[in-house]
Each structure stands twice: as C-alpha cells, then as structure tokens.
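For reference, protein.txt is printed below; it contains compact mmCIF, C-alpha atoms.
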# COMPACT_ATOMS: atom_id res chain seq x y z
CA MET A 27 -267.13 202.16 26.65
CA LYS A 28 -270.51 201.24 27.77
CA GLN A 29 -270.42 199.26 30.95
CA LEU A 30 -272.84 196.39 31.05
CA THR A 31 -274.75 196.06 34.24
CA SER A 32 -277.22 193.44 35.19
CA SER A 33 -280.58 194.50 36.44
CA LYS A 34 -281.85 190.83 36.63
CA PRO A 35 -283.28 189.63 39.92
CA LEU A 36 -280.92 187.93 42.40
CA LEU A 37 -282.78 184.59 42.08
CA ARG A 38 -282.09 184.33 38.36
CA GLY A 39 -278.50 185.25 39.06
CA VAL A 40 -278.30 182.19 41.31
CA LEU A 41 -280.36 179.84 39.08
CA PHE A 42 -277.97 179.55 36.14
CA PRO A 43 -274.92 178.66 38.22
CA GLY A 44 -277.11 176.13 40.02
CA VAL A 45 -278.19 174.51 36.74
CA ALA A 46 -274.61 174.40 35.52
CA LEU A 47 -273.46 172.76 38.73
CA ALA A 48 -276.34 170.25 38.53
CA VAL A 49 -275.30 169.30 34.98
CA LEU A 50 -271.72 168.88 36.14
CA GLY A 51 -272.91 166.77 39.05
CA LEU A 52 -274.85 164.46 36.72
CA ALA A 53 -271.84 163.71 34.53
CA PRO A 54 -269.89 161.53 37.03
CA VAL A 55 -273.00 159.39 37.81
CA ALA A 56 -273.32 158.47 34.11
CA TRP A 57 -269.73 157.25 34.13
CA GLY A 58 -270.18 154.00 36.17
CA GLY A 59 -267.80 151.09 35.62
CA LEU A 60 -268.34 148.27 33.16
CA GLN A 61 -271.06 145.87 34.25
CA SER A 62 -271.99 142.66 32.48
CA GLN A 63 -274.93 140.34 32.72
CA THR A 64 -274.38 137.27 30.63
CA VAL A 65 -276.43 134.13 30.13
CA PHE A 66 -275.58 131.64 27.42
CA CYS A 67 -276.09 127.89 27.12
CA GLN A 68 -276.18 125.64 24.12
CA LYS A 69 -276.08 121.94 23.45
CA ASN A 70 -275.67 119.73 20.44
CA THR A 71 -277.87 116.83 19.38
CA ASP A 72 -275.47 114.37 21.01
CA GLY A 73 -275.92 116.17 24.34
CA SER A 74 -272.52 117.84 24.49
CA GLY A 75 -272.61 121.56 25.10
CA LEU A 76 -271.52 124.50 27.13
CA CYS A 77 -272.78 127.26 29.37
CA TYR A 78 -271.19 130.54 30.22
CA GLY A 79 -272.29 133.61 32.03
CA ASN A 80 -272.25 135.26 35.38
CA PHE A 81 -274.51 134.61 38.33
CA VAL A 82 -275.93 138.10 38.31
CA GLY A 83 -276.88 137.55 34.66
CA PHE A 84 -278.84 134.40 35.39
CA ARG A 85 -280.45 136.03 38.40
CA GLU A 86 -281.48 139.17 36.49
CA ASP A 87 -282.56 137.29 33.38
CA ALA A 88 -286.01 138.18 32.07
CA THR A 89 -287.00 134.51 32.25
CA SER A 90 -287.97 133.71 35.82
CA THR A 91 -286.77 130.09 35.59
CA SER A 92 -283.19 130.93 34.59
CA SER A 93 -280.60 129.53 36.95
CA ALA A 94 -277.10 128.09 37.09
CA SER A 95 -275.78 125.95 39.92
CA PHE A 96 -272.61 124.22 40.97
CA ARG A 97 -273.54 121.51 43.48
CA GLU A 98 -271.91 119.06 45.85
CA ASP A 99 -273.83 116.47 47.87
CA LEU A 100 -271.69 115.28 50.74
CA MET A 101 -273.93 112.26 51.42
CA THR A 102 -273.77 110.80 47.95
CA GLY A 103 -270.46 112.37 46.95
CA THR A 104 -272.11 113.85 43.87
CA ARG A 105 -270.68 116.90 42.20
CA SER A 106 -272.62 118.39 39.33
CA PHE A 107 -273.40 121.50 37.37
CA ASP A 108 -276.86 122.30 36.09
CA SER A 109 -278.48 125.22 34.38
CA TRP A 110 -281.96 126.18 33.26
CA SER A 111 -282.23 128.72 30.54
CA THR A 112 -284.61 129.47 27.72
CA PRO A 113 -283.02 129.61 24.27
CA ALA A 114 -283.53 132.74 22.22
CA GLY A 115 -286.92 132.55 20.60
CA GLY A 116 -287.96 129.63 22.79
CA THR A 117 -290.79 129.50 25.27
CA SER A 118 -289.73 126.69 27.56
CA PRO A 119 -286.59 126.39 29.65
CA VAL A 120 -283.99 123.84 28.67
CA VAL A 121 -281.89 121.96 31.20
CA TYR A 122 -278.14 121.54 30.88
CA THR A 123 -276.12 119.40 33.25
CA CYS A 124 -272.80 117.63 33.66
CA ILE A 125 -270.62 115.80 36.16
CA PRO A 126 -266.99 116.97 36.41
CA ASN A 127 -264.04 114.82 35.48
CA ALA A 128 -261.07 114.62 37.84
CA ALA A 129 -259.32 117.69 36.45
CA VAL A 130 -262.41 119.90 36.58
CA SER A 131 -263.33 118.47 39.98
CA ALA A 132 -260.07 119.88 41.30
CA LEU A 133 -261.58 123.36 40.79
CA TRP A 134 -264.97 122.50 42.25
CA GLU A 135 -264.39 124.11 45.63
CA GLN A 136 -263.70 127.41 43.89
CA ALA A 137 -266.71 126.90 41.65
CA LEU A 138 -268.93 126.42 44.69
CA SER A 139 -267.87 129.79 46.10
CA ASN A 140 -267.54 131.70 42.84
CA ARG A 141 -269.77 134.75 42.50
CA GLY A 142 -268.67 135.93 39.11
CA PHE A 143 -268.28 134.55 35.65
CA PHE A 144 -268.01 130.91 34.72
CA ARG A 145 -267.69 128.87 31.59
CA VAL A 146 -268.24 125.13 31.65
CA SER A 147 -268.43 122.65 28.80
CA TRP A 148 -269.18 118.96 28.64
CA ASP A 149 -268.96 116.08 26.24
CA ALA A 150 -271.60 113.69 24.95
CA SER A 151 -271.18 111.40 27.96
CA GLY A 152 -272.24 114.24 30.27
CA THR A 153 -268.74 114.82 31.68
CA CYS A 154 -267.78 118.41 32.41
CA ASP A 155 -264.38 118.62 30.73
CA TYR A 156 -263.64 122.33 30.94
CA LEU A 157 -264.15 124.96 33.58
CA ARG A 158 -263.12 128.59 33.73
CA LEU A 159 -263.90 130.87 36.64
CA VAL A 160 -263.54 134.63 36.72
CA ASN A 161 -264.14 137.03 39.56
CA SER A 162 -264.09 140.56 38.29
CA SER A 163 -265.87 143.79 38.99
CA GLN A 164 -267.92 143.60 35.79
CA ASN A 165 -269.24 140.16 36.69
CA THR A 166 -270.41 140.69 40.23
CA ASN A 167 -272.82 142.89 42.06
CA PHE A 168 -271.63 142.61 45.62
CA MET B 22 -272.06 190.13 34.54
CA THR B 23 -272.05 186.70 36.14
CA THR B 24 -275.25 185.73 34.32
CA GLN B 25 -273.81 186.76 30.99
CA VAL B 26 -270.64 184.77 31.62
CA LEU B 27 -272.61 181.66 32.53
CA ARG B 28 -274.89 182.09 29.53
CA GLY B 29 -271.78 181.99 27.39
CA TRP B 30 -270.46 178.91 29.16
CA LEU B 31 -273.67 176.86 29.27
CA PRO B 32 -273.87 175.85 25.59
CA SER B 33 -270.19 174.82 25.65
CA LEU B 34 -270.69 172.89 28.86
CA THR B 35 -273.72 171.09 27.46
CA THR B 36 -271.81 170.20 24.30
CA ALA B 37 -268.87 168.88 26.33
CA VAL B 38 -271.12 166.73 28.50
CA GLY B 39 -272.90 165.37 25.42
CA CYS B 40 -269.59 164.48 23.77
CA ALA B 41 -268.36 162.82 26.94
CA VAL B 42 -271.49 160.67 27.22
CA GLY B 43 -271.15 159.71 23.57
CA CYS B 44 -267.51 158.71 24.07
CA TRP B 45 -268.41 156.63 27.11
CA LEU B 46 -271.08 154.77 25.15
CA ALA B 47 -268.65 154.07 22.32
CA VAL B 48 -265.97 152.76 24.70
CA SER B 49 -268.52 150.59 26.50
CA GLN B 50 -269.67 149.08 23.20
CA ALA B 51 -266.08 148.39 22.18
CA GLN B 52 -265.37 146.66 25.50
CA GLN B 53 -268.47 144.47 25.14
CA SER B 54 -267.43 143.57 21.61
CA GLN B 55 -263.94 142.64 22.79
CA ALA B 56 -265.36 140.49 25.58
CA ARG B 57 -267.49 138.59 23.03
CA ARG B 58 -264.46 138.08 20.80
CA MET B 59 -262.43 136.69 23.71
CA GLU B 60 -265.20 134.21 24.44
CA GLN B 61 -265.13 133.04 20.84
CA LEU B 62 -261.37 132.59 21.00
CA THR B 63 -261.67 130.67 24.27
CA ASP B 64 -264.14 128.38 22.58
CA GLU B 65 -261.73 127.77 19.70
CA VAL B 66 -258.79 127.09 22.01
CA GLY B 67 -260.93 124.68 24.00
CA SER B 68 -261.84 122.80 20.82
CA LEU B 69 -258.19 122.53 19.84
CA ARG B 70 -257.30 121.29 23.29
CA ARG B 71 -260.00 118.60 23.14
CA ALA B 72 -258.72 117.54 19.73
CA LEU B 73 -255.21 117.33 21.15
CA GLU B 74 -256.39 115.24 24.10
CA SER B 75 -258.30 112.88 21.85
CA SER B 76 -255.20 112.41 19.75
CA SER B 77 -253.03 111.83 22.82
CA ARG B 78 -255.43 109.20 24.18
CA ALA B 79 -255.17 107.37 20.87
CA THR B 80 -251.37 107.31 20.91
CA GLY B 81 -250.76 107.10 24.66
CA ALA B 82 -248.50 110.16 24.94
CA SER B 83 -249.01 113.17 27.18
CA PRO B 84 -250.87 116.16 25.76
CA VAL B 85 -249.39 119.61 25.72
CA GLY B 86 -250.22 121.94 28.57
CA THR B 87 -253.48 120.23 29.39
CA ALA B 88 -253.49 121.17 33.03
CA THR B 89 -252.82 124.77 32.20
CA LEU B 90 -255.51 124.96 29.58
CA LEU B 91 -258.04 123.06 31.66
CA ALA B 92 -257.89 125.34 34.62
CA PRO B 93 -256.25 128.55 33.57
CA ARG B 94 -255.97 131.29 36.06
CA GLU B 95 -257.68 134.46 35.06
CA SER B 96 -254.93 136.14 33.10
CA ARG B 97 -254.85 139.30 31.16
CA LEU B 98 -254.44 137.44 27.87
CA SER B 99 -254.89 139.81 25.04
CA VAL B 100 -256.76 138.82 21.92
CA GLU B 101 -253.38 138.48 20.21
CA ASP B 102 -252.10 136.12 22.92
CA GLN B 103 -255.09 133.84 22.63
CA GLU B 104 -254.86 133.75 18.87
CA ALA B 105 -251.13 132.99 19.08
CA MET B 106 -251.87 130.17 21.54
CA ALA B 107 -254.47 128.65 19.24
CA LEU B 108 -252.17 128.93 16.23
CA ARG B 109 -249.28 127.31 18.12
CA VAL B 110 -251.39 124.32 19.17
CA ALA B 111 -252.70 123.93 15.64
CA THR B 112 -249.17 124.07 14.24
CA LEU B 113 -247.95 121.43 16.66
CA LEU B 114 -250.83 119.16 15.74
CA LYS B 115 -250.14 119.60 12.05
CA GLU B 116 -246.40 119.00 12.31
CA SER B 117 -246.54 115.81 14.27
CA GLY B 118 -250.00 114.46 13.65
CA GLY B 119 -250.27 114.10 17.41
CA PRO B 120 -248.84 115.35 20.69
CA VAL B 121 -245.28 116.60 20.48
CA VAL B 122 -244.02 117.06 24.01
CA GLY B 123 -243.97 115.03 27.14
CA SER B 124 -242.28 111.71 27.63
CA SER B 125 -244.18 108.62 26.76
CA GLU B 126 -244.58 107.57 30.36
CA PRO B 127 -246.76 104.60 30.95
CA GLU B 128 -250.07 105.66 32.46
CA ALA B 129 -250.61 104.78 36.09
CA PRO B 130 -252.98 101.84 36.50
CA VAL B 131 -256.51 102.90 37.39
CA PRO B 132 -257.37 101.60 40.86
CA THR B 133 -260.34 99.29 40.75
CA ALA B 134 -263.11 99.58 43.32
CA PRO B 135 -263.47 96.71 45.79
CA GLU B 136 -266.24 94.24 45.16
CA PRO B 137 -269.63 95.63 46.27
CA SER B 138 -271.26 94.20 49.33
CA SER B 139 -274.62 92.44 49.02
CA GLU B 140 -276.30 95.57 50.39
CA GLN B 141 -274.57 97.68 47.75
CA ARG B 142 -275.54 95.27 44.99
CA GLU B 143 -279.18 95.44 46.08
CA ALA B 144 -279.07 99.25 46.27
CA ALA B 145 -277.51 99.38 42.79
CA ALA B 146 -280.24 97.11 41.42
CA ARG B 147 -283.04 99.20 42.94
CA ALA B 148 -281.46 102.46 41.78
CA GLY B 149 -280.95 101.02 38.31
CA THR B 150 -284.62 100.05 38.07
CA MET B 151 -285.67 103.54 39.15
CA VAL B 152 -283.33 105.22 36.66
CA ASP B 153 -284.60 103.04 33.81
CA ARG B 154 -288.19 103.86 34.73
CA VAL B 155 -287.54 107.57 34.95
CA VAL B 156 -285.63 107.71 31.66
CA SER B 157 -288.35 105.70 29.91
CA SER B 158 -291.07 107.98 31.20
CA GLY B 159 -289.18 111.11 30.17
CA ARG B 160 -290.01 112.86 33.44
CA MET B 161 -288.14 113.03 36.72
CA THR B 162 -289.96 114.41 39.72
CA ALA B 163 -288.45 115.66 42.96
CA GLU B 164 -289.66 112.45 44.61
CA ASP B 165 -287.85 110.38 41.98
CA VAL B 166 -284.65 112.24 42.74
CA LEU B 167 -285.01 111.61 46.48
CA GLU B 168 -285.73 107.91 46.01
CA ILE B 169 -282.75 107.38 43.75
CA ARG B 170 -280.55 109.46 46.01
CA ARG B 171 -281.48 107.28 49.02
CA GLU B 172 -280.17 104.24 47.17
CA LEU B 173 -277.05 105.95 45.83
CA VAL B 174 -276.02 106.93 49.35
CA HIS B 175 -275.07 103.24 49.79
CA LEU B 176 -272.89 103.47 46.69
CA ARG B 177 -270.89 106.58 47.56
CA GLY B 178 -267.79 106.82 45.39
CA ARG B 179 -268.56 103.64 43.50
CA PRO B 180 -268.52 103.44 39.71
CA GLU B 181 -272.05 101.97 39.68
CA ALA B 182 -273.42 105.23 41.10
CA ASP B 183 -271.48 107.31 38.58
CA ALA B 184 -272.78 105.20 35.73
CA LEU B 185 -276.39 105.63 36.84
CA ARG B 186 -275.99 109.38 37.21
CA LYS B 187 -274.42 109.57 33.77
CA GLN B 188 -277.49 107.80 32.37
CA LEU B 189 -279.64 110.58 33.77
CA VAL B 190 -277.26 113.32 32.62
CA VAL B 191 -277.10 112.02 29.05
CA ALA B 192 -280.89 111.69 28.87
CA ILE B 193 -281.34 115.24 30.19
CA ASN B 194 -278.81 116.73 27.78
CA GLN B 195 -280.41 114.90 24.87
CA ASP B 196 -283.80 116.28 25.91
CA ARG B 197 -285.16 112.79 26.51
CA LEU B 198 -285.64 113.46 30.21
CA ILE B 199 -287.21 116.57 31.67
CA PRO B 200 -286.64 117.26 35.36
CA ALA B 201 -289.51 118.81 37.25
CA PRO B 202 -289.44 122.56 37.96
CA GLY B 203 -287.53 123.26 41.13
CA PHE B 204 -284.99 120.60 40.16
CA ASP B 205 -282.58 120.39 43.07
CA GLY B 206 -279.74 118.65 41.31
CA LEU B 207 -278.95 115.09 40.38
CA PRO B 208 -279.51 112.25 42.81

Could you write out this file's structure as structure tokens?
Amino acid sequence: MKQLTSSKPLLRGVLFPGVALAVLGLAPVAWGGLQSQTVFCQKNTDGSGLCYGNFVGFREDATSTSSASFREDLMTGTRSFDSWSTPAGGTSPVVYTCIPNAAVSALWEQALSNRGFFRVSWDASGTCDYLRLVNSSQNTNF
Amino acid sequence: MTTQVLRGWLPSLTTAVGCAVGCWLAVSQAQQSQARRMEQLTDEVGSLRRALESSSRATGASPVGTATLLAPRESRLSVEDQEAMALRVATLLKESGGPVVGSSEPEAPVPTAPEPSSEQREAAARAGTMVDRVVSSGRMTAEDVLEIRRELVHLRGRPEADALRKQLVVAINQDRLIPAPGFDGLP
C-alpha cells in the first residue's frame, strides 16, 4: 500500500489548523444573547395613547430627538411621564405625556430607577392609567 | 498527513458553522416575533381591564384583580396564559354585564383639600392665566414652564395645580400645544 507522505512546507502545515481554529473561535462571538431596542408611541385623536420600549432603544434611535422620561419634581410634587418620538414616515417629533393616577403613582419610584423596558398608557384626560416595568438582559445595556 | 486530514474536515466544519449561524438567526427571529405577540396580548388585556373598570365605576362595585393587572410583576406568563386571562375577563364581563367579584363596599369618602389661602388663590389665578395663554398660543417655551412652575410651587398637592397641569397635558396629547425642544417636563 502506498504510503502518503507530505512534502508541503511546514508553514502550510500550520496554516490550515490555524484557519480552522480561527473559524471555531468566531462561532461563539456570533452567538450573543438576545438584545432588544424598542421604541413605540402612539396616540389617538382624543389624546389617549401609549408608549412602550426600553431606554436603550430610545437612546440608540436613529432620530436624535427621541427620548422617554419618568420625572418627579419634589418642589411642585409633580410626577409625569413624557416622550418624544417621531412616528414612522414622519419628519417631526411628537410629544406624549401623562400624569399618573394613584395606582400607577405607587410604582413611580421603581419607574424612576428603571433601566429596562416600560409600557405606559394614558386616557383622554392625560392620566397615566397603566404602567409595566421590566428589567431583563435583553432590555438593558449595562 | 495532518494537512490532508484538515482538508477533509474544513468543508464539514464550514458547513456546520453556517448551519449553526442560520439556526441562531431563525431562533432570534422567532423570539422577536413572540415578544411582539406578547405586547399585543398585553394591549388587549389592558383594554379589557379598562372596560371592566369603567363598568365597575358605573355600578359602584369592585373590579376584578385591578391591582394585580395594574402593576403586575414581571412574570413568565406564556402566550397561552395571557390569552386565557383575557378570555376569562371577557367571559366574566359577558356573564354578569359588569363586575362579578368583590363585595359592594361603600367607597371611602375622598378627602377634600382645605380652603386655599389668599396667596394660593393669587398663585392659582396667575398660573391659570399663563396656562391659558400658552395653550392659546400653541407653544410652550422653557421660560413658560419655569414661570408656571414658580406659581405651582405655592399650590403643591392641591387640586388646582393638578387641574392646570392636566390642561397642558391634554393640549400636548391633542397636538394643540407644542413644547419647545429640550422640554424639561411639565411645570
């Protein structure tokens, strides 16, 4: 039986294993965890509406004016939510805002320190009547 | 020998990596799709809850699970759980035409604010004039916000301040009032 021998240079003998190892090394980097960037706000003609998204989404949005804020003014006692975002196909930012009712206000401290996902909705009188907060790995970048 | 072995392995390795990347992309897409579906279901449950609350206010009875639905902890509710929740609430509404649980306890009387002082009345009047002017003009500058805020400081916690802020909020949400760029919140 003819015995195969390699007469290739030593460098080439090293190159192919190196390429294979490099390909293997690339595979884990492509397998990062789920990451989300979400920005969504809408309102009806009567002024009621909702916003949801995560802070990293608003911050990384292509529109430089996009923002979402939960606020509390200790001097006036005002608590409020406001968001600036540009609707799909629009050219100007639209402002969305609400003042929490008692039930939503009970979660305001958490909202002020939340770094992840939120969903807030309000009625026609401008009262925030629903709030959901989520801190999860896909919604944060810290 | 080694080179020949690796030459044999390399196509297989490349194919495996390609398949793995493809699978990852498919799973990622499926997860994003599921997240969107959960948001839609949350929206539907929220609408049902608001309908239930409206009905309870009309009849005076306590709504079902309002506190839980208002501020739910982040739970691992599956799509099936959320759909079951929405269906249950809808069924309850249909069966009774209104809220079905909770005793008909009389609502606690809403505490009324004490009468405003003369200083507070004057601050409310000035703030009211400013709010009317701003809403009529359709524009609210940072200076407007500061001026109104200075007056509302005298009305901390009072219903007059809340009413004036709500005027601004409603005008903003109806696109009748545009805050200036760099808007730093309501007064």

(message) For a quick check of understanding, using only C-alpha atoms, which of A:Ser118, A:Ala137, A:Asn161, A:Ser62 has the smallest distance to Glu86 (chain A)?
(response)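 Counting only C-alpha atoms, the residue closest to Glu86 (chain A) is A:Ser62.
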
(request) Tell me which protein, DNA and RNA residues are within 10 Å of region 98-100 of chain A, counting all atoms listed in the file, leaving out same-chain ones fewer than 4 positions away, and put them as a PyMOL selection string. (result) (chain A and resi 104-107+134-135+138) or (chain B and resi 170+174+177+206-208)

(request) May I have the residues within 8 Å of Asp108 (chain A) as a list of chain:residue names, using only C-alpha atoms and disregarding those fewer than 3 positions away in the same chain? (result) A:Ala94, A:Ser95, A:Phe96, A:Val121, A:Tyr122, A:Thr123, A:Cys124, B:Gly206

Contacts from chain A to chain B, 6 Å maximum, all atoms listed in the file: show me the residue list as a compact mmCIF listing (two decimals) with C-alpha atoms, keeping the file's coordinate frame.
# COMPACT_ATOMS: atom_id res chain seq x y z
CA GLY A 39 -278.50 185.25 39.06
CA GLY A 73 -275.92 116.17 24.34
CA THR A 102 -273.77 110.80 47.95
CA GLY A 103 -270.46 112.37 46.95
CA TYR A 122 -278.14 121.54 30.88
CA GLY A 152 -272.24 114.24 30.27
CA TYR A 156 -263.64 122.33 30.94

(request) Step by step: start from the point (-271.9, 135.7, 30.9) in the file's coordinates, keep every protein, DNA or RNA residue that has an atom no farther than 12 Å from it, count only C-alpha atoms, and write the set as a VMD selection string. (result) (chain A and resid 61 to 67 76 to 87 94 141 to 146 158 to 162 164 to 166) or (chain B and resid 53 56 to 57 59 to 60)

(request) Work out how far apart CA of Ala132 (chain A) and CA of Ala150 (chain A) are and give it in Å to one decimal. (result) 20.9 Å

(request) Go ahead and compute the interatomic distance for CA of Glu168 (chain B) and CA of Ala184 (chain B), in Å to one decimal. (result)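 Atom-to-atom, CA of Glu168 (chain B) to CA of Ala184 (chain B), that is 16.8 Å.
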
(request) Grab the CA of Arg197 (chain B) to CA of Val152 (chain B) distance for me, in Å with one decimal place. (result)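 Computing it gives 12.8 Å between the two atoms.
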
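Minimum atom-to-atom distance to Ser111 (chain A), evaluated using only C-alpha atoms, belongs to A:Ser90 out of A:Thr153, A:Leu60, A:Ser74, A:Ser90.
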